[in-house]
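Structure data follow from query.pdb (PDB, C-alpha atoms and all ligand atoms):
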```
ATOM      1  CA  MET A   1      49.069  -8.436  35.237
ATOM      2  CA  GLN A   2      47.105 -11.347  33.797
ATOM      3  CA  ALA A   3      48.928 -11.274  30.470
ATOM      4  CA  ASP A   4      52.405 -11.403  32.044
ATOM      5  CA  GLU A   5      53.160 -14.917  33.299
ATOM      6  CA  PHE A   6      55.741 -13.536  35.730
ATOM      7  CA  GLU A   7      53.345 -10.964  37.221
ATOM      8  CA  ASN A   8      50.203 -13.143  37.240
ATOM      9  CA  PRO A   9      49.828 -14.577  40.777
ATOM     10  CA  GLY A  10      47.555 -17.304  39.349
ATOM     11  CA  MET A  11      50.703 -18.858  37.855
ATOM     12  CA  LEU A  12      51.663 -19.948  41.394
ATOM     13  CA  TRP A  13      48.626 -22.253  41.356
ATOM     14  CA  VAL A  14      49.582 -23.491  37.901
ATOM     15  CA  ALA A  15      53.073 -24.297  39.227
ATOM     16  CA  ARG A  16      51.607 -26.148  42.218
ATOM     17  CA  GLY A  17      49.347 -28.035  39.845
ATOM     18  CA  ALA A  18      52.347 -29.079  37.748
ATOM     19  CA  LYS A  19      53.944 -30.548  40.859
ATOM     20  CA  LEU A  20      50.773 -32.386  41.916
ATOM     21  CA  TRP A  21      50.384 -33.744  38.373
ATOM     22  CA  ARG A  22      53.563 -35.764  38.850
ATOM     23  CA  GLN A  23      52.978 -36.746  42.498
ATOM     24  CA  ALA A  24      52.423 -40.481  43.106
ATOM     25  CA  GLU A  25      49.337 -41.206  45.248
ATOM     26  CA  GLY A  26      46.982 -44.015  46.126
ATOM     27  CA  PRO A  27      47.609 -47.744  46.618
ATOM     28  CA  ASP A  28      49.176 -48.194  43.162
ATOM     29  CA  GLY A  29      51.456 -45.179  43.535
ATOM     30  CA  ARG A  30      50.124 -43.586  40.366
ATOM     31  CA  SER A  31      50.263 -39.943  39.416
ATOM     32  CA  CYS A  32      48.088 -38.091  36.928
ATOM     33  CA  ALA A  33      51.130 -38.279  34.639
ATOM     34  CA  SER A  34      51.327 -42.105  34.918
ATOM     35  CA  CYS A  35      48.085 -42.327  32.960
ATOM     36  CA  HIS A  36      47.940 -39.034  31.056
ATOM     37  CA  GLY A  37      51.624 -38.383  30.295
ATOM     38  CA  GLU A  38      52.615 -34.763  29.840
ATOM     39  CA  ALA A  39      49.861 -32.281  30.681
ATOM     40  CA  GLN A  40      49.826 -31.074  27.054
ATOM     41  CA  SER A  41      47.663 -34.160  26.499
ATOM     42  CA  MET A  42      44.946 -32.110  28.262
ATOM     43  CA  ARG A  43      45.036 -29.343  25.635
ATOM     44  CA  GLY A  44      41.437 -28.667  24.639
ATOM     45  CA  ALA A  45      39.875 -30.591  27.533
ATOM     46  CA  ALA A  46      38.822 -27.479  29.478
ATOM     47  CA  THR A  47      36.984 -26.097  26.434
ATOM     48  CA  ARG A  48      34.413 -28.927  26.633
ATOM     49  CA  TYR A  49      33.256 -28.545  30.260
ATOM     50  CA  PRO A  50      30.799 -28.755  31.936
ATOM     51  CA  GLN A  51      29.822 -32.002  30.194
ATOM     52  CA  VAL A  52      27.659 -35.002  30.971
ATOM     53  CA  ASP A  53      29.542 -38.003  32.315
ATOM     54  CA  LEU A  54      28.354 -40.901  30.193
ATOM     55  CA  GLY A  55      28.833 -43.450  32.973
ATOM     56  CA  SER A  56      26.768 -41.742  35.670
ATOM     57  CA  GLY A  57      24.652 -39.291  33.658
ATOM     58  CA  ARG A  58      25.831 -36.525  36.000
ATOM     59  CA  LEU A  59      26.859 -33.079  34.820
ATOM     60  CA  LEU A  60      30.549 -32.521  35.638
ATOM     61  CA  ASN A  61      32.628 -29.383  35.406
ATOM     62  CA  LEU A  62      36.393 -29.651  35.002
ATOM     63  CA  ASP A  63      36.910 -29.752  38.775
ATOM     64  CA  GLY A  64      34.315 -32.513  39.050
ATOM     65  CA  ARG A  65      36.100 -34.555  36.373
ATOM     66  CA  ILE A  66      39.431 -34.132  38.165
ATOM     67  CA  MET A  67      37.845 -35.176  41.472
ATOM     68  CA  GLN A  68      36.326 -38.234  39.787
ATOM     69  CA  CYS A  69      39.625 -39.273  38.192
ATOM     70  CA  ARG A  70      41.450 -38.756  41.439
ATOM     71  CA  SER A  71      39.155 -40.939  43.558
ATOM     72  CA  GLU A  72      37.938 -43.526  41.039
ATOM     73  CA  ARG A  73      40.954 -44.017  38.790
ATOM     74  CA  GLN A  74      43.923 -42.918  40.875
ATOM     75  CA  LYS A  75      42.163 -44.307  43.986
ATOM     76  CA  ALA A  76      43.717 -41.520  46.035
ATOM     77  CA  GLU A  77      42.092 -39.555  48.833
ATOM     78  CA  PRO A  78      39.195 -37.486  47.462
ATOM     79  CA  LEU A  79      39.794 -33.786  46.856
ATOM     80  CA  ALA A  80      37.324 -31.311  48.367
ATOM     81  CA  TRP A  81      35.623 -28.579  46.337
ATOM     82  CA  GLU A  82      37.589 -25.322  46.447
ATOM     83  CA  SER A  83      40.557 -26.983  48.183
ATOM     84  CA  GLU A  84      44.052 -25.775  47.338
ATOM     85  CA  PRO A  85      45.119 -28.951  45.500
ATOM     86  CA  LEU A  86      41.928 -28.970  43.409
ATOM     87  CA  LEU A  87      42.328 -25.291  42.478
ATOM     88  CA  ALA A  88      45.975 -25.971  41.580
ATOM     89  CA  LEU A  89      45.210 -29.014  39.406
ATOM     90  CA  GLY A  90      42.241 -27.191  37.851
ATOM     91  CA  ALA A  91      44.406 -24.159  37.052
ATOM     92  CA  TYR A  92      47.113 -26.398  35.564
ATOM     93  CA  VAL A  93      44.706 -28.383  33.374
ATOM     94  CA  ALA A  94      42.774 -25.243  32.274
ATOM     95  CA  PHE A  95      46.062 -23.444  31.512
ATOM     96  CA  GLN A  96      46.820 -26.108  28.882
ATOM     97  CA  SER A  97      43.826 -24.770  26.907
ATOM     98  CA  GLN A  98      44.762 -21.095  27.154
ATOM     99  CA  GLY A  99      43.744 -19.288  23.958
ATOM    100  CA  LEU A 100      41.455 -22.054  22.689
ATOM    101  CA  PRO A 101      37.769 -21.276  22.079
ATOM    102  CA  VAL A 102      35.061 -22.501  24.466
ATOM    103  CA  ARG A 103      33.038 -25.316  22.839
ATOM    104  CA  PRO A 104      30.447 -26.839  25.104
ATOM    105  CA  THR A 105      27.885 -29.437  24.043
ATOM    106  CA  ILE A 106      24.322 -28.478  24.918
ATOM    107  CA  ASP A 107      22.416 -31.142  22.998
ATOM    108  CA  GLY A 108      21.505 -34.734  23.819
ATOM    109  CA  ALA A 109      21.981 -35.646  27.461
ATOM    110  CA  ALA A 110      23.190 -32.097  28.231
ATOM    111  CA  ARG A 111      19.958 -30.441  27.061
ATOM    112  CA  PRO A 112      17.912 -30.593  30.290
ATOM    113  CA  PHE A 113      20.877 -29.283  32.318
ATOM    114  CA  PHE A 114      21.357 -26.472  29.816
ATOM    115  CA  GLU A 115      17.690 -25.490  29.932
ATOM    116  CA  ARG A 116      17.636 -25.381  33.714
ATOM    117  CA  GLY A 117      20.826 -23.262  33.696
ATOM    118  CA  ARG A 118      19.287 -20.859  31.165
ATOM    119  CA  ASP A 119      16.097 -20.525  33.221
ATOM    120  CA  ARG A 120      18.038 -19.913  36.395
ATOM    121  CA  TYR A 121      20.169 -17.282  34.668
ATOM    122  CA  HIS A 122      16.985 -15.339  33.937
ATOM    123  CA  LEU A 123      15.327 -15.884  37.315
ATOM    124  CA  ARG A 124      15.046 -12.904  39.666
ATOM    125  CA  VAL A 125      16.425 -13.776  43.084
ATOM    126  CA  GLY A 126      17.368 -12.293  46.429
ATOM    127  CA  GLN A 127      16.248  -9.251  48.343
ATOM    128  CA  MET A 128      17.325  -7.119  45.372
ATOM    129  CA  ASN A 129      15.145  -9.236  43.078
ATOM    130  CA  LEU A 130      17.649  -9.281  40.227
ATOM    131  CA  SER A 131      18.549 -11.966  37.701
ATOM    132  CA  CYS A 132      22.021 -12.646  36.344
ATOM    133  CA  SER A 133      20.794 -11.335  33.015
ATOM    134  CA  GLN A 134      19.691  -7.974  34.404
ATOM    135  CA  CYS A 135      23.275  -7.229  35.397
ATOM    136  CA  HIS A 136      25.360  -9.069  32.820
ATOM    137  CA  ASP A 137      23.194  -8.627  29.683
ATOM    138  CA  ALA A 138      21.205  -5.451  30.385
ATOM    139  CA  ASN A 139      23.697  -3.403  32.396
ATOM    140  CA  TRP A 140      27.228  -4.405  31.462
ATOM    141  CA  GLY A 141      29.612  -1.481  31.273
ATOM    142  CA  ARG A 142      27.777   0.300  34.094
ATOM    143  CA  GLN A 143      29.285   0.952  37.524
ATOM    144  CA  LEU A 144      28.079  -0.962  40.563
ATOM    145  CA  GLY A 145      29.852   0.658  43.489
ATOM    146  CA  PRO A 146      33.563   0.322  42.737
ATOM    147  CA  GLU A 147      32.986  -2.423  40.119
ATOM    148  CA  THR A 148      32.288  -2.185  36.411
ATOM    149  CA  ILE A 149      29.780  -4.882  35.481
ATOM    150  CA  SER A 150      31.173  -7.144  32.757
ATOM    151  CA  GLN A 151      29.300  -9.447  30.390
ATOM    152  CA  GLY A 152      29.811 -12.190  32.976
ATOM    153  CA  HIS A 153      31.942 -14.739  31.148
ATOM    154  CA  GLY A 154      33.610 -17.546  33.080
ATOM    155  CA  THR A 155      36.512 -17.960  30.643
ATOM    156  CA  GLY A 156      39.266 -16.898  33.062
ATOM    157  CA  TYR A 157      38.516 -19.341  35.896
ATOM    158  CA  PRO A 158      40.050 -20.336  38.207
ATOM    159  CA  VAL A 159      41.152 -16.715  38.713
ATOM    160  CA  TYR A 160      43.430 -15.038  41.186
ATOM    161  CA  ARG A 161      41.291 -12.348  42.803
ATOM    162  CA  LEU A 162      43.028  -9.542  44.680
ATOM    163  CA  GLU A 163      40.095  -9.235  47.083
ATOM    164  CA  TRP A 164      40.478 -12.930  47.997
ATOM    165  CA  GLN A 165      44.291 -12.777  48.008
ATOM    166  CA  ALA A 166      43.982 -16.251  46.517
ATOM    167  CA  ALA A 167      42.772 -18.256  43.568
ATOM    168  CA  GLY A 168      39.114 -19.243  43.425
ATOM    169  CA  SER A 169      36.749 -21.129  41.167
ATOM    170  CA  LEU A 170      33.896 -19.858  39.029
ATOM    171  CA  GLN A 171      31.529 -21.170  41.703
ATOM    172  CA  ARG A 172      33.204 -18.951  44.265
ATOM    173  CA  ARG A 173      32.595 -15.979  41.945
ATOM    174  CA  LEU A 174      28.936 -16.980  41.450
ATOM    175  CA  ARG A 175      28.533 -17.141  45.214
ATOM    176  CA  SER A 176      29.810 -13.522  45.383
ATOM    177  CA  CYS A 177      27.210 -12.505  42.791
ATOM    178  CA  MET A 178      24.457 -14.272  44.743
ATOM    179  CA  SER A 179      25.502 -12.662  48.001
ATOM    180  CA  GLY A 180      25.668  -9.302  46.166
ATOM    181  CA  VAL A 181      21.935  -9.463  45.475
ATOM    182  CA  ARG A 182      21.337 -10.922  48.963
ATOM    183  CA  ALA A 183      20.170 -14.264  47.633
ATOM    184  CA  GLU A 184      20.825 -17.665  49.136
ATOM    185  CA  MET A 185      24.188 -18.992  47.956
ATOM    186  CA  PHE A 186      24.398 -22.511  46.552
ATOM    187  CA  PRO A 187      26.922 -24.846  48.146
ATOM    188  CA  TYR A 188      30.049 -25.760  46.174
ATOM    189  CA  GLY A 189      29.362 -28.584  43.746
ATOM    190  CA  ALA A 190      25.585 -27.937  43.738
ATOM    191  CA  GLN A 191      23.764 -28.976  40.587
ATOM    192  CA  ALA A 192      22.406 -25.418  40.242
ATOM    193  CA  HIS A 193      25.982 -24.102  39.962
ATOM    194  CA  LEU A 194      26.924 -26.700  37.360
ATOM    195  CA  GLU A 195      23.847 -25.928  35.267
ATOM    196  CA  LEU A 196      24.610 -22.197  35.407
ATOM    197  CA  GLU A 197      28.200 -22.953  34.390
ATOM    198  CA  LEU A 198      26.957 -24.877  31.350
ATOM    199  CA  TYR A 199      24.718 -21.978  30.343
ATOM    200  CA  LEU A 200      27.627 -19.548  30.835
ATOM    201  CA  ALA A 201      29.850 -21.770  28.667
ATOM    202  CA  TRP A 202      27.236 -21.670  25.896
ATOM    203  CA  ARG A 203      27.023 -17.859  26.157
ATOM    204  CA  ALA A 204      30.832 -17.743  25.920
ATOM    205  CA  GLU A 205      31.079 -20.144  22.970
ATOM    206  CA  GLY A 206      33.954 -19.132  20.700
ATOM    207  CA  LEU A 207      35.645 -16.871  23.271
ATOM    208  CA  ALA A 208      39.187 -17.854  24.226
ATOM    209  CA  LEU A 209      39.950 -19.483  27.556
ATOM    210  CA  GLU A 210      42.282 -17.304  29.593
ATOM    211  CA  ALA A 211      42.884 -19.168  32.864
ATOM    212  CA  PRO A 212      44.467 -18.274  35.175
ATOM    213  CA  GLY A 213      42.700 -14.897  35.070
ATOM    214  CA  VAL A 214      43.409 -12.006  37.439
ATOM    215  CA  ARG A 215      40.534 -10.005  38.886
ATOM    216  CA  ARG A 216      40.173  -7.101  41.274
TER     217      ARG A 216
HETATM  218  C1  LIG B 301      44.654 -44.841  36.441
HETATM  219  C2  LIG B 301      44.734 -43.913  35.343
HETATM  220  C3  LIG B 301      44.368 -42.470  35.615
HETATM  221  C4  LIG B 301      44.872 -41.630  36.585
HETATM  222  C5  LIG B 301      45.867 -41.954  37.684
HETATM  223  C6  LIG B 301      44.296 -40.343  36.333
HETATM  224  N1  LIG B 301      43.462 -40.385  35.264
HETATM  225 FE1  LIG B 301      42.443 -38.834  34.439
HETATM  226  N2  LIG B 301      41.536 -40.094  33.104
HETATM  227  C7  LIG B 301      41.838 -41.424  32.981
HETATM  228  C8  LIG B 301      40.963 -41.994  31.953
HETATM  229  C9  LIG B 301      40.947 -43.461  31.497
HETATM  230  C10 LIG B 301      40.160 -40.933  31.483
HETATM  231  C11 LIG B 301      39.072 -40.996  30.429
HETATM  232  C12 LIG B 301      39.696 -41.053  29.114
HETATM  233  C13 LIG B 301      39.220 -39.964  28.314
HETATM  234  O1  LIG B 301      38.068 -39.548  28.449
HETATM  235  O2  LIG B 301      40.041 -39.446  27.525
HETATM  236  C14 LIG B 301      40.574 -39.741  32.214
HETATM  237  C15 LIG B 301      40.047 -38.476  31.999
HETATM  238  C16 LIG B 301      40.519 -37.326  32.610
HETATM  239  C17 LIG B 301      40.084 -35.969  32.286
HETATM  240  C18 LIG B 301      39.063 -35.608  31.226
HETATM  241  C19 LIG B 301      39.768 -35.330  29.933
HETATM  242  C20 LIG B 301      38.830 -34.859  28.851
HETATM  243  O3  LIG B 301      39.291 -34.726  27.706
HETATM  244  O4  LIG B 301      37.653 -34.619  29.115
HETATM  245  C21 LIG B 301      40.765 -35.132  33.104
HETATM  246  C22 LIG B 301      40.639 -33.611  33.149
HETATM  247  C23 LIG B 301      41.627 -35.931  33.940
HETATM  248  N3  LIG B 301      41.459 -37.252  33.607
HETATM  249  C24 LIG B 301      42.475 -35.421  34.896
HETATM  250  C25 LIG B 301      43.232 -36.202  35.757
HETATM  251  C26 LIG B 301      44.023 -35.668  36.850
HETATM  252  C27 LIG B 301      44.171 -34.193  37.178
HETATM  253  C28 LIG B 301      44.591 -36.745  37.478
HETATM  254  C29 LIG B 301      45.451 -36.727  38.726
HETATM  255  C30 LIG B 301      44.834 -36.148  39.903
HETATM  256  C31 LIG B 301      44.164 -37.938  36.771
HETATM  257  N4  LIG B 301      43.341 -37.568  35.734
HETATM  258  C32 LIG B 301      44.563 -39.217  37.095
HETATM  259  C33 LIG B 301      42.757 -42.142  33.697
HETATM  260  C34 LIG B 301      43.482 -41.674  34.774
HETATM  261  C1  LIG B 302      23.769  -6.895  40.887
HETATM  262  C2  LIG B 302      24.438  -7.257  39.663
HETATM  263  C3  LIG B 302      24.881  -8.696  39.479
HETATM  264  C4  LIG B 302      24.094  -9.818  39.441
HETATM  265  C5  LIG B 302      22.590  -9.912  39.651
HETATM  266  C6  LIG B 302      24.978 -10.905  39.124
HETATM  267  N1  LIG B 302      26.258 -10.470  38.986
HETATM  268 FE1  LIG B 302      27.804 -11.533  38.282
HETATM  269  N2  LIG B 302      29.043  -9.966  38.641
HETATM  270  C7  LIG B 302      28.648  -8.730  39.077
HETATM  271  C8  LIG B 302      29.823  -7.909  39.302
HETATM  272  C9  LIG B 302      29.818  -6.469  39.793
HETATM  273  C10 LIG B 302      30.929  -8.715  38.997
HETATM  274  C11 LIG B 302      32.417  -8.330  39.096
HETATM  275  C12 LIG B 302      32.770  -7.489  37.938
HETATM  276  C13 LIG B 302      32.625  -8.264  36.671
HETATM  277  O1  LIG B 302      33.528  -9.031  36.311
HETATM  278  O2  LIG B 302      31.532  -8.193  36.055
HETATM  279  C14 LIG B 302      30.410  -9.996  38.543
HETATM  280  C15 LIG B 302      31.168 -11.039  38.066
HETATM  281  C16 LIG B 302      30.654 -12.155  37.437
HETATM  282  C17 LIG B 302      31.425 -13.120  36.686
HETATM  283  C18 LIG B 302      32.927 -13.115  36.495
HETATM  284  C19 LIG B 302      33.369 -12.350  35.286
HETATM  285  C20 LIG B 302      34.868 -12.324  35.186
HETATM  286  O3  LIG B 302      35.378 -12.048  34.086
HETATM  287  O4  LIG B 302      35.563 -12.575  36.173
HETATM  288  C21 LIG B 302      30.546 -14.067  36.241
HETATM  289  C22 LIG B 302      30.882 -15.301  35.418
HETATM  290  C23 LIG B 302      29.232 -13.709  36.723
HETATM  291  N3  LIG B 302      29.349 -12.536  37.426
HETATM  292  C24 LIG B 302      28.084 -14.456  36.527
HETATM  293  C25 LIG B 302      26.889 -14.189  37.183
HETATM  294  C26 LIG B 302      25.774 -15.114  37.236
HETATM  295  C27 LIG B 302      25.730 -16.477  36.582
HETATM  296  C28 LIG B 302      24.798 -14.498  37.958
HETATM  297  C29 LIG B 302      23.465 -15.050  38.388
HETATM  298  C30 LIG B 302      23.530 -16.192  39.259
HETATM  299  C31 LIG B 302      25.305 -13.191  38.321
HETATM  300  N4  LIG B 302      26.583 -13.054  37.866
HETATM  301  C32 LIG B 302      24.570 -12.216  38.978
HETATM  302  C33 LIG B 302      27.351  -8.290  39.225
HETATM  303  C34 LIG B 302      26.247  -9.129  39.218
END
```
Could you render the structure from this file as structure tokens?
Ligand code: HEC
Ligand code: HEC
Amino acid sequence: MQADEFENPGMLWVARGAKLWRQAEGPDGRSCASCHGEAQSMRGAATRYPQVDLGSGRLLNLDGRIMQCRSERQKAEPLAWESEPLLALGAYVAFQSQGLPVRPTIDGAARPFFERGRDRYHLRVGQMNLSCSQCHDANWGRQLGPETISQGHGTGYPVYRLEWQAAGSLQRRLRSCMSGVRAEMFPYGAQAHLELELYLAWRAEGLALEAPGVRR
């Protein structure tokens, strides 16, 4: 279903993203396309996120960069985390990098974020007292209820998930994992999520991006 563009429901979000890309907004009536041209100019961009924003020193994932561009450069109304337009634009921009290998930077300014993400990945949490690593490194391939535990790569996100009947971000998936072990879920956009995403990107280095993915 994922491999067939006509069957993959995530392609609906990509199509919405393509429309939003050309939509004029803000006081200057600019669209993403006014500055960036055709979306092919974004090929490769998704492979380098999360990354440190040099201006603010903050760690941004692709959604964060889109939100920043939208409010600071386009001067349009801010987009909320996990909102439909953000998922659509994120799917459209990530789709431009389909098939390209993940290549995050973990040195320099990114290093402290990376180290915190790595530590958190190995930290036991929740009533079940399990770390990410215990499932996705030590037990992949095993059944957990109806699910087969994978190696936990974020390369297909945003994905269309049948259980959600909608597209969702990697952070939404991480919240499912946290709730699965009965741990406190981080809010969308939380630094802890971004740091985990950077660690996941490092683990996935060299794997091909496949957004929009389809998951059960
Ligand atoms: C007023 C011009 C302007 C508008 C409008 C604009 N951007 Fe940008 N955008 C920029 C500039 C300048 C950069 C930084 C240049 C760079 O890093 O290549 C950038 C960077 C980006 C990046 C990071 C690219 C990378 O290689 O890391 C993304 C993603 C992005 N914009 C998406 C969008 C989206 C989606 C929209 C519409 C919602 C949008 N931009 C609207 C000017 C704009
Ligand atoms: C109790 C076991 C368990 C723990 C602990 C757990 N997960 Fe998961 N995770 C799952 C299951 C089950 C799925 C859904 C099936 C799959 O794709 O692995 C999943 C899915 C994922 C996916 C999506 C994979 C894909 O291809 O769609 C990622 C990424 C992920 N987990 C990362 C994490 C991170 C990061 C943590 C720690 C914060 C974590 N998981 C903790 C069981 C777990």
List as a Markdown table every residue of chain A that is in contact with ligand LIG 301 (chain B), defined as an atom at most 8 Å from one of its atoms (using only C-alpha atoms and all ligand atoms), together with the nearest atom pair and the distance in Å rounded to one decimal, sorted by chain and then rising number.
```
| residue | atom | partner | partner_atom | distance |
| --- | --- | --- | --- | --- |
| A:Leu20 | CA | B:LIG301 | C30 | 7.3 |
| A:Trp21 | CA | B:LIG301 | C29 | 5.8 |
| A:Arg30 | CA | B:LIG301 | C5 | 5.3 |
| A:Ser31 | CA | B:LIG301 | C5 | 5.1 |
| A:Cys32 | CA | B:LIG301 | C29 | 3.5 |
| A:Ala33 | CA | B:LIG301 | C32 | 7.1 |
| A:Ser34 | CA | B:LIG301 | C5 | 6.1 |
| A:Cys35 | CA | B:LIG301 | C2 | 4.4 |
| A:His36 | CA | B:LIG301 | N1 | 6.3 |
| A:Met42 | CA | B:LIG301 | O3 | 6.3 |
| A:Gly44 | CA | B:LIG301 | O3 | 7.1 |
| A:Ala45 | CA | B:LIG301 | O3 | 4.2 |
| A:Ala46 | CA | B:LIG301 | O4 | 7.2 |
| A:Arg48 | CA | B:LIG301 | O4 | 7.0 |
| A:Tyr49 | CA | B:LIG301 | O4 | 7.6 |
| A:Leu62 | CA | B:LIG301 | C22 | 6.1 |
| A:Asp63 | CA | B:LIG301 | C22 | 7.8 |
| A:Arg65 | CA | B:LIG301 | C22 | 5.6 |
| A:Ile66 | CA | B:LIG301 | C24 | 4.6 |
| A:Met67 | CA | B:LIG301 | C30 | 7.2 |
| A:Cys69 | CA | B:LIG301 | FE1 | 4.7 |
| A:Arg70 | CA | B:LIG301 | C30 | 4.5 |
| A:Arg73 | CA | B:LIG301 | C1 | 4.5 |
| A:Gln74 | CA | B:LIG301 | C5 | 3.9 |
| A:Lys75 | CA | B:LIG301 | C5 | 7.7 |
| A:Leu89 | CA | B:LIG301 | C27 | 5.7 |
| A:Gly90 | CA | B:LIG301 | C27 | 7.3 |
| A:Val93 | CA | B:LIG301 | C22 | 6.6 |
```
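The residue that comes closest to ligand LIG 302 (chain B), out of A:Trp164, A:Tyr188, A:Tyr121, A:Phe6 and on the basis of only C-alpha atoms and all ligand atoms, is A:Tyr121.
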### Message
the PyMOL selection byres (((chain A and resi 156) around 12) and not hetatm) - which residues does that actually catch in the file I just gave you? List them as a ChimeraX atom specification.
### Response
/A:2-3,10,46-47,90-91,94-95,97-102,152-155,157-161,167-170,173,201,204,207-215
### Task
Could you report the residues within 6 Å of ligand LIG 302 (chain B), using all atoms listed in the file, as a list in words?
Tyr121, Leu130, Ser131, Cys132, Cys135, Leu144, Glu147, Thr148, Ile149, Ser150, Gly152, His153, Gly154, Leu174, Cys177, Met178, Val181 and Leu196 of chain A
### Query
Can you list, as a VMD selection string, the residues that the PyMOL selection byres (((chain A and resi 202) around 10) and not hetatm) selects here?
chain A and resid 50 102 to 106 114 118 153 196 to 201 203 to 206
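Computed from the coordinates, the atom CA of A:Ala76 to atom CA of A:Gly29 distance equals 8.9 Å.
Minimum atom-to-atom distance to A:Gly26, evaluated using only C-alpha atoms, belongs to A:Glu72 out of A:Arg175, A:Glu184, A:Glu72, A:Ala190.
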### Message
For a cutoff of 9 Å around the file-coordinate point (25.1, -32.2, 35.6), which residues qualify once you count all atoms listed in the file? I'd like the result as a PyMOL selection string.
### Response
chain A and resi 50-53+57-61+110+113-114+191-192+194-195+198
